[in-house]
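What follows is data.txt (compact mmCIF, N, CA and C atoms).
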```
# COMPACT_ATOMS: atom_id res chain seq x y z
N MET A 1 -78.29 -63.80 -11.36
CA MET A 1 -78.56 -63.96 -9.96
C MET A 1 -77.30 -63.74 -9.12
N ASP A 2 -76.21 -64.19 -9.62
CA ASP A 2 -74.96 -63.98 -8.88
C ASP A 2 -74.69 -62.48 -8.71
N GLU A 3 -75.01 -61.79 -9.73
CA GLU A 3 -74.80 -60.35 -9.66
C GLU A 3 -75.69 -59.73 -8.59
N ARG A 4 -76.91 -60.22 -8.51
CA ARG A 4 -77.84 -59.72 -7.51
C ARG A 4 -77.36 -60.06 -6.11
N ARG A 5 -76.85 -61.24 -5.92
CA ARG A 5 -76.34 -61.65 -4.60
C ARG A 5 -75.12 -60.81 -4.22
N THR A 6 -74.27 -60.58 -5.15
CA THR A 6 -73.08 -59.79 -4.83
C THR A 6 -73.49 -58.37 -4.45
N ARG A 7 -74.50 -57.85 -5.15
CA ARG A 7 -74.97 -56.50 -4.81
C ARG A 7 -75.58 -56.50 -3.40
N GLN A 8 -76.33 -57.50 -3.08
CA GLN A 8 -76.93 -57.60 -1.75
C GLN A 8 -75.85 -57.73 -0.68
N GLN A 9 -74.84 -58.54 -0.98
CA GLN A 9 -73.75 -58.71 -0.03
C GLN A 9 -72.98 -57.40 0.13
N GLN A 10 -72.79 -56.70 -0.94
CA GLN A 10 -72.11 -55.40 -0.87
C GLN A 10 -72.93 -54.40 -0.05
N ALA A 11 -74.24 -54.42 -0.28
CA ALA A 11 -75.12 -53.52 0.48
C ALA A 11 -75.09 -53.88 1.96
N ARG A 12 -75.11 -55.17 2.28
CA ARG A 12 -75.05 -55.61 3.67
C ARG A 12 -73.73 -55.19 4.31
N SER A 13 -72.66 -55.37 3.56
CA SER A 13 -71.36 -55.01 4.13
C SER A 13 -71.26 -53.49 4.33
N ARG A 14 -71.85 -52.73 3.39
CA ARG A 14 -71.87 -51.26 3.57
C ARG A 14 -72.67 -50.88 4.81
N ARG A 15 -73.84 -51.49 4.97
CA ARG A 15 -74.68 -51.21 6.13
C ARG A 15 -73.96 -51.62 7.42
N ALA A 16 -73.29 -52.73 7.39
CA ALA A 16 -72.54 -53.20 8.56
C ALA A 16 -71.42 -52.20 8.88
N GLY A 17 -70.74 -51.72 7.85
CA GLY A 17 -69.69 -50.73 8.05
C GLY A 17 -70.25 -49.43 8.60
N GLN A 18 -71.43 -49.05 8.11
CA GLN A 18 -72.06 -47.82 8.61
C GLN A 18 -72.47 -47.99 10.07
N ARG A 19 -73.02 -49.19 10.40
CA ARG A 19 -73.39 -49.45 11.80
C ARG A 19 -72.16 -49.39 12.71
N LYS A 20 -71.08 -49.98 12.24
CA LYS A 20 -69.84 -49.99 13.01
C LYS A 20 -69.34 -48.56 13.20
N GLN A 21 -69.43 -47.78 12.14
CA GLN A 21 -68.98 -46.39 12.21
C GLN A 21 -69.86 -45.59 13.17
N ARG A 22 -71.17 -45.84 13.17
CA ARG A 22 -72.08 -45.15 14.08
C ARG A 22 -71.74 -45.50 15.53
N ARG A 23 -71.45 -46.78 15.77
CA ARG A 23 -71.07 -47.20 17.12
C ARG A 23 -69.79 -46.50 17.55
N GLN A 24 -68.83 -46.42 16.64
CA GLN A 24 -67.58 -45.75 16.96
C GLN A 24 -67.82 -44.26 17.21
N ASN A 25 -68.72 -43.65 16.42
CA ASN A 25 -69.04 -42.24 16.63
C ASN A 25 -69.68 -42.02 18.00
N LYS A 26 -70.60 -42.92 18.39
CA LYS A 26 -71.24 -42.81 19.69
C LYS A 26 -70.22 -42.96 20.80
N ALA A 27 -69.32 -43.90 20.66
CA ALA A 27 -68.28 -44.10 21.68
C ALA A 27 -67.39 -42.87 21.76
N GLY A 28 -67.04 -42.32 20.62
CA GLY A 28 -66.22 -41.11 20.60
C GLY A 28 -66.93 -39.94 21.26
N MET A 29 -68.21 -39.80 20.99
CA MET A 29 -68.99 -38.72 21.60
C MET A 29 -69.08 -38.92 23.11
N ARG A 30 -69.25 -40.15 23.55
CA ARG A 30 -69.30 -40.42 24.98
C ARG A 30 -67.98 -40.05 25.64
N CYS A 31 -66.88 -40.38 24.99
CA CYS A 31 -65.56 -40.03 25.53
C CYS A 31 -65.40 -38.51 25.61
N ILE A 32 -65.82 -37.83 24.58
CA ILE A 32 -65.71 -36.37 24.57
C ILE A 32 -66.56 -35.76 25.68
N VAL A 33 -67.79 -36.25 25.84
CA VAL A 33 -68.67 -35.75 26.90
C VAL A 33 -68.05 -36.02 28.26
N LEU A 34 -67.49 -37.20 28.46
CA LEU A 34 -66.86 -37.54 29.73
C LEU A 34 -65.67 -36.62 30.01
N ILE A 35 -64.87 -36.36 29.00
CA ILE A 35 -63.70 -35.48 29.17
C ILE A 35 -64.17 -34.07 29.53
N VAL A 36 -65.19 -33.58 28.83
CA VAL A 36 -65.70 -32.24 29.11
C VAL A 36 -66.25 -32.15 30.53
N LEU A 37 -66.97 -33.18 30.97
CA LEU A 37 -67.49 -33.18 32.33
C LEU A 37 -66.36 -33.18 33.37
N CYS A 38 -65.33 -33.98 33.10
CA CYS A 38 -64.17 -33.99 34.01
C CYS A 38 -63.53 -32.62 34.09
N LEU A 39 -63.38 -31.97 32.94
CA LEU A 39 -62.80 -30.63 32.93
C LEU A 39 -63.69 -29.64 33.70
N LEU A 40 -64.99 -29.74 33.53
CA LEU A 40 -65.90 -28.86 34.25
C LEU A 40 -65.80 -29.06 35.76
N VAL A 41 -65.73 -30.30 36.18
CA VAL A 41 -65.60 -30.58 37.61
C VAL A 41 -64.28 -30.01 38.13
N GLY A 42 -63.21 -30.24 37.40
CA GLY A 42 -61.90 -29.72 37.82
C GLY A 42 -61.88 -28.21 37.91
N ILE A 43 -62.46 -27.56 36.91
CA ILE A 43 -62.50 -26.10 36.91
C ILE A 43 -63.38 -25.60 38.05
N SER A 44 -64.49 -26.26 38.31
CA SER A 44 -65.38 -25.86 39.41
C SER A 44 -64.65 -25.96 40.75
N VAL A 45 -63.90 -27.01 40.94
CA VAL A 45 -63.15 -27.18 42.19
C VAL A 45 -62.12 -26.07 42.33
N GLN A 46 -61.42 -25.76 41.25
CA GLN A 46 -60.42 -24.70 41.29
C GLN A 46 -61.07 -23.33 41.57
N ILE A 47 -62.22 -23.08 40.97
CA ILE A 47 -62.92 -21.82 41.20
C ILE A 47 -63.31 -21.71 42.67
N HIS A 48 -63.83 -22.79 43.22
CA HIS A 48 -64.21 -22.79 44.64
C HIS A 48 -62.99 -22.53 45.52
N HIS A 49 -61.89 -23.18 45.21
CA HIS A 49 -60.65 -23.00 45.98
C HIS A 49 -60.17 -21.55 45.89
N LEU A 50 -60.17 -20.98 44.70
CA LEU A 50 -59.72 -19.61 44.52
C LEU A 50 -60.67 -18.62 45.20
N TRP A 51 -61.95 -18.93 45.22
CA TRP A 51 -62.90 -18.06 45.88
C TRP A 51 -62.60 -18.01 47.38
N GLY A 52 -62.31 -19.16 47.96
CA GLY A 52 -61.95 -19.21 49.37
C GLY A 52 -60.68 -18.42 49.66
N LYS A 53 -59.69 -18.57 48.81
CA LYS A 53 -58.45 -17.82 48.97
C LYS A 53 -58.72 -16.31 48.88
N ASN A 54 -59.58 -15.93 47.95
CA ASN A 54 -59.90 -14.52 47.77
C ASN A 54 -60.54 -13.95 49.03
N GLU A 55 -61.44 -14.71 49.64
CA GLU A 55 -62.09 -14.26 50.87
C GLU A 55 -61.05 -14.10 51.98
N ALA A 56 -60.13 -15.04 52.08
CA ALA A 56 -59.08 -14.94 53.10
C ALA A 56 -58.21 -13.71 52.85
N TYR A 57 -57.90 -13.44 51.59
CA TYR A 57 -57.10 -12.27 51.27
C TYR A 57 -57.84 -10.97 51.58
N LYS A 58 -59.16 -10.96 51.40
CA LYS A 58 -59.95 -9.77 51.74
C LYS A 58 -59.88 -9.49 53.24
N VAL A 59 -60.00 -10.56 54.04
CA VAL A 59 -59.92 -10.40 55.49
C VAL A 59 -58.54 -9.89 55.88
N LYS A 60 -57.51 -10.47 55.29
CA LYS A 60 -56.14 -10.05 55.60
C LYS A 60 -55.92 -8.61 55.18
N GLU A 61 -56.49 -8.22 54.05
CA GLU A 61 -56.35 -6.84 53.58
C GLU A 61 -56.99 -5.87 54.57
N LYS A 62 -58.16 -6.22 55.12
CA LYS A 62 -58.80 -5.36 56.12
C LYS A 62 -57.93 -5.25 57.37
N GLN A 63 -57.37 -6.38 57.81
CA GLN A 63 -56.51 -6.36 58.99
C GLN A 63 -55.29 -5.47 58.76
N LEU A 64 -54.68 -5.61 57.60
CA LEU A 64 -53.49 -4.83 57.31
C LEU A 64 -53.83 -3.35 57.15
N THR A 65 -55.00 -3.03 56.61
CA THR A 65 -55.42 -1.64 56.49
C THR A 65 -55.61 -1.03 57.88
N ASN A 66 -56.26 -1.78 58.77
CA ASN A 66 -56.43 -1.29 60.15
C ASN A 66 -55.09 -1.11 60.83
N GLN A 67 -54.19 -2.05 60.63
CA GLN A 67 -52.86 -1.96 61.23
C GLN A 67 -52.12 -0.75 60.68
N LEU A 68 -52.26 -0.49 59.40
CA LEU A 68 -51.61 0.67 58.78
C LEU A 68 -52.14 1.96 59.39
N GLU A 69 -53.46 2.04 59.57
CA GLU A 69 -54.05 3.24 60.18
C GLU A 69 -53.52 3.45 61.60
N LEU A 70 -53.43 2.37 62.37
CA LEU A 70 -52.89 2.48 63.73
C LEU A 70 -51.44 2.94 63.72
N GLU A 71 -50.67 2.41 62.80
CA GLU A 71 -49.26 2.80 62.72
C GLU A 71 -49.10 4.25 62.28
N LEU A 72 -49.97 4.71 61.38
CA LEU A 72 -49.91 6.12 60.98
C LEU A 72 -50.27 7.04 62.14
N GLU A 73 -51.28 6.65 62.94
CA GLU A 73 -51.63 7.43 64.12
C GLU A 73 -50.46 7.45 65.10
N ARG A 74 -49.85 6.31 65.29
CA ARG A 74 -48.70 6.21 66.20
C ARG A 74 -47.55 7.08 65.69
N GLN A 75 -47.35 7.09 64.39
CA GLN A 75 -46.29 7.90 63.80
C GLN A 75 -46.55 9.39 64.06
N GLU A 76 -47.82 9.80 63.95
CA GLU A 76 -48.17 11.19 64.24
C GLU A 76 -47.92 11.53 65.71
N GLU A 77 -48.29 10.59 66.60
CA GLU A 77 -48.05 10.81 68.03
C GLU A 77 -46.55 10.94 68.32
N ILE A 78 -45.76 10.10 67.69
CA ILE A 78 -44.31 10.15 67.90
C ILE A 78 -43.74 11.46 67.37
N ALA A 79 -44.23 11.91 66.23
CA ALA A 79 -43.77 13.19 65.67
C ALA A 79 -44.15 14.34 66.60
N ALA A 80 -45.37 14.30 67.15
CA ALA A 80 -45.79 15.35 68.08
C ALA A 80 -44.94 15.31 69.35
N TYR A 81 -44.66 14.11 69.86
CA TYR A 81 -43.83 13.98 71.06
C TYR A 81 -42.40 14.46 70.78
N GLU A 82 -41.91 14.18 69.59
CA GLU A 82 -40.57 14.62 69.21
C GLU A 82 -40.49 16.14 69.19
N GLU A 83 -41.55 16.78 68.67
CA GLU A 83 -41.58 18.24 68.67
C GLU A 83 -41.63 18.77 70.11
N TYR A 84 -42.44 18.13 70.95
CA TYR A 84 -42.55 18.54 72.35
C TYR A 84 -41.22 18.34 73.08
N ALA A 85 -40.52 17.27 72.76
CA ALA A 85 -39.26 16.98 73.44
C ALA A 85 -38.19 18.01 73.12
N ALA A 86 -38.36 18.74 72.02
CA ALA A 86 -37.38 19.75 71.65
C ALA A 86 -37.68 21.11 72.30
N THR A 87 -38.79 21.23 73.03
CA THR A 87 -39.16 22.51 73.63
C THR A 87 -38.52 22.67 75.00
N PRO A 88 -38.33 23.92 75.43
CA PRO A 88 -37.75 24.17 76.77
C PRO A 88 -38.66 23.67 77.90
N GLU A 89 -39.98 23.67 77.69
CA GLU A 89 -40.89 23.19 78.72
C GLU A 89 -40.62 21.72 79.06
N TYR A 90 -40.34 20.94 78.06
CA TYR A 90 -40.05 19.52 78.27
C TYR A 90 -38.76 19.35 79.08
N ILE A 91 -37.78 20.15 78.73
CA ILE A 91 -36.49 20.05 79.44
C ILE A 91 -36.66 20.42 80.90
N VAL A 92 -37.45 21.48 81.19
CA VAL A 92 -37.70 21.87 82.57
C VAL A 92 -38.47 20.78 83.29
N GLU A 93 -39.49 20.23 82.67
CA GLU A 93 -40.27 19.16 83.28
C GLU A 93 -39.41 17.94 83.58
N LEU A 94 -38.56 17.58 82.64
CA LEU A 94 -37.66 16.44 82.83
C LEU A 94 -36.70 16.70 83.97
N ALA A 95 -36.16 17.93 84.07
CA ALA A 95 -35.23 18.26 85.15
C ALA A 95 -35.92 18.18 86.51
N LYS A 96 -37.18 18.59 86.56
CA LYS A 96 -37.90 18.56 87.83
C LYS A 96 -38.24 17.12 88.24
N THR A 97 -38.75 16.34 87.31
CA THR A 97 -39.20 14.99 87.67
C THR A 97 -38.07 14.00 87.85
N LYS A 98 -37.12 14.04 86.98
CA LYS A 98 -36.05 13.02 87.02
C LYS A 98 -34.89 13.43 87.93
N LEU A 99 -34.51 14.68 87.87
CA LEU A 99 -33.32 15.10 88.60
C LEU A 99 -33.64 15.83 89.90
N GLY A 100 -34.91 16.24 90.07
CA GLY A 100 -35.29 16.93 91.30
C GLY A 100 -34.82 18.37 91.33
N LEU A 101 -34.51 18.96 90.21
CA LEU A 101 -34.05 20.34 90.15
C LEU A 101 -35.24 21.28 90.20
N VAL A 102 -34.96 22.53 90.64
CA VAL A 102 -36.00 23.56 90.70
C VAL A 102 -35.46 24.85 90.10
N ASN A 103 -36.37 25.76 89.80
CA ASN A 103 -35.95 27.08 89.33
C ASN A 103 -35.41 27.88 90.50
N GLU A 104 -34.77 29.01 90.22
CA GLU A 104 -34.12 29.79 91.26
C GLU A 104 -35.12 30.34 92.28
N ASN A 105 -36.27 30.79 91.86
CA ASN A 105 -37.20 31.46 92.77
C ASN A 105 -38.28 30.53 93.28
N GLU A 106 -38.12 29.25 93.20
CA GLU A 106 -39.14 28.32 93.65
C GLU A 106 -38.85 27.87 95.07
N ILE A 107 -39.92 27.68 95.83
CA ILE A 107 -39.81 27.18 97.19
C ILE A 107 -40.40 25.77 97.18
N ILE A 108 -39.69 24.87 97.82
CA ILE A 108 -40.13 23.48 97.85
C ILE A 108 -40.71 23.19 99.23
N PHE A 109 -41.89 22.66 99.24
CA PHE A 109 -42.53 22.24 100.47
C PHE A 109 -42.54 20.72 100.48
N LYS A 110 -41.98 20.17 101.54
CA LYS A 110 -41.95 18.73 101.67
C LYS A 110 -42.85 18.34 102.83
N GLU A 111 -43.56 17.30 102.65
CA GLU A 111 -44.46 16.81 103.68
C GLU A 111 -43.66 15.94 104.61
N ARG A 112 -43.88 16.17 105.88
CA ARG A 112 -43.16 15.35 106.87
C ARG A 112 -43.88 14.05 107.04
N LYS A 113 -43.09 13.05 107.20
CA LYS A 113 -43.65 11.75 107.48
C LYS A 113 -43.91 11.65 108.98
N PRO A 114 -45.09 11.23 109.34
CA PRO A 114 -45.36 11.11 110.77
C PRO A 114 -44.50 10.02 111.40
N GLU A 115 -43.93 10.37 112.52
CA GLU A 115 -43.09 9.39 113.20
C GLU A 115 -43.97 8.51 114.05
N GLU A 116 -43.61 7.32 114.12
CA GLU A 116 -44.42 6.36 114.86
C GLU A 116 -43.94 6.17 116.23
```

So that I can check it, write out the structure of this file as structure tokens.
Amino acid sequence: MDERRTRQQQARSRRAGQRKQRRQNKAGMRCIVLIVLCLLVGISVQIHHLWGKNEAYKVKEKQLTNQLELELERQEEIAAYEEYAATPEYIVELAKTKLGLVNENEIIFKERKPEE
């Protein structure tokens, strides 16, 4: 009978150990699930933040592309004006408007101001 009792006690202690181990396994699984959920939330927040940044960068890229196009047009206008400024027509026009000079065979008509 003693042998039977010891076997029963051993079986009970084994079952108790197994129950304890199952509880520990469940607690470990809960911890793992909680950690994974925390990581998912953190990653989701980061993805949302990066998505917003990406949208802002797209807008900025469009603005800079438009600005680049305007600057290229301006550069072409400046190059055309530079070519025009090197021509004799520009020099004659500048002499007439700024310095009041005329060609040799030109006649200048000035309008009289009415006297009061």

Checklist entry - What gap, in Å, lies between atom CA of A:Ala56 and atom CA of A:Ser44? => result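 Computing the Euclidean distance for atom CA of A:Ala56 and atom CA of A:Ser44 yields 18.6 Å.
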
Checklist entry - When you draw a straight line from atom C of A:Ile108 to atom CA of A:Lys96, how long is it in Å? => result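 Computed distance, atom C of A:Ile108 to atom CA of A:Lys96, equals 12.6 Å.
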
Checklist entry - Mind pulling up the distance from atom CA of A:Val45 to atom CA of A:Ile32? => result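 Separating atom CA of A:Ile32 from atom CA of A:Val45 is a distance of 20.0 Å.
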
Next on the checklist: To test your reading of the structure, identify every residue in chain A that backbone DSSP assigns to alpha helix (DSSP H), and report it as an MDAnalysis selection string.
Outcome noted: chainID A and resid 2:85 88:94
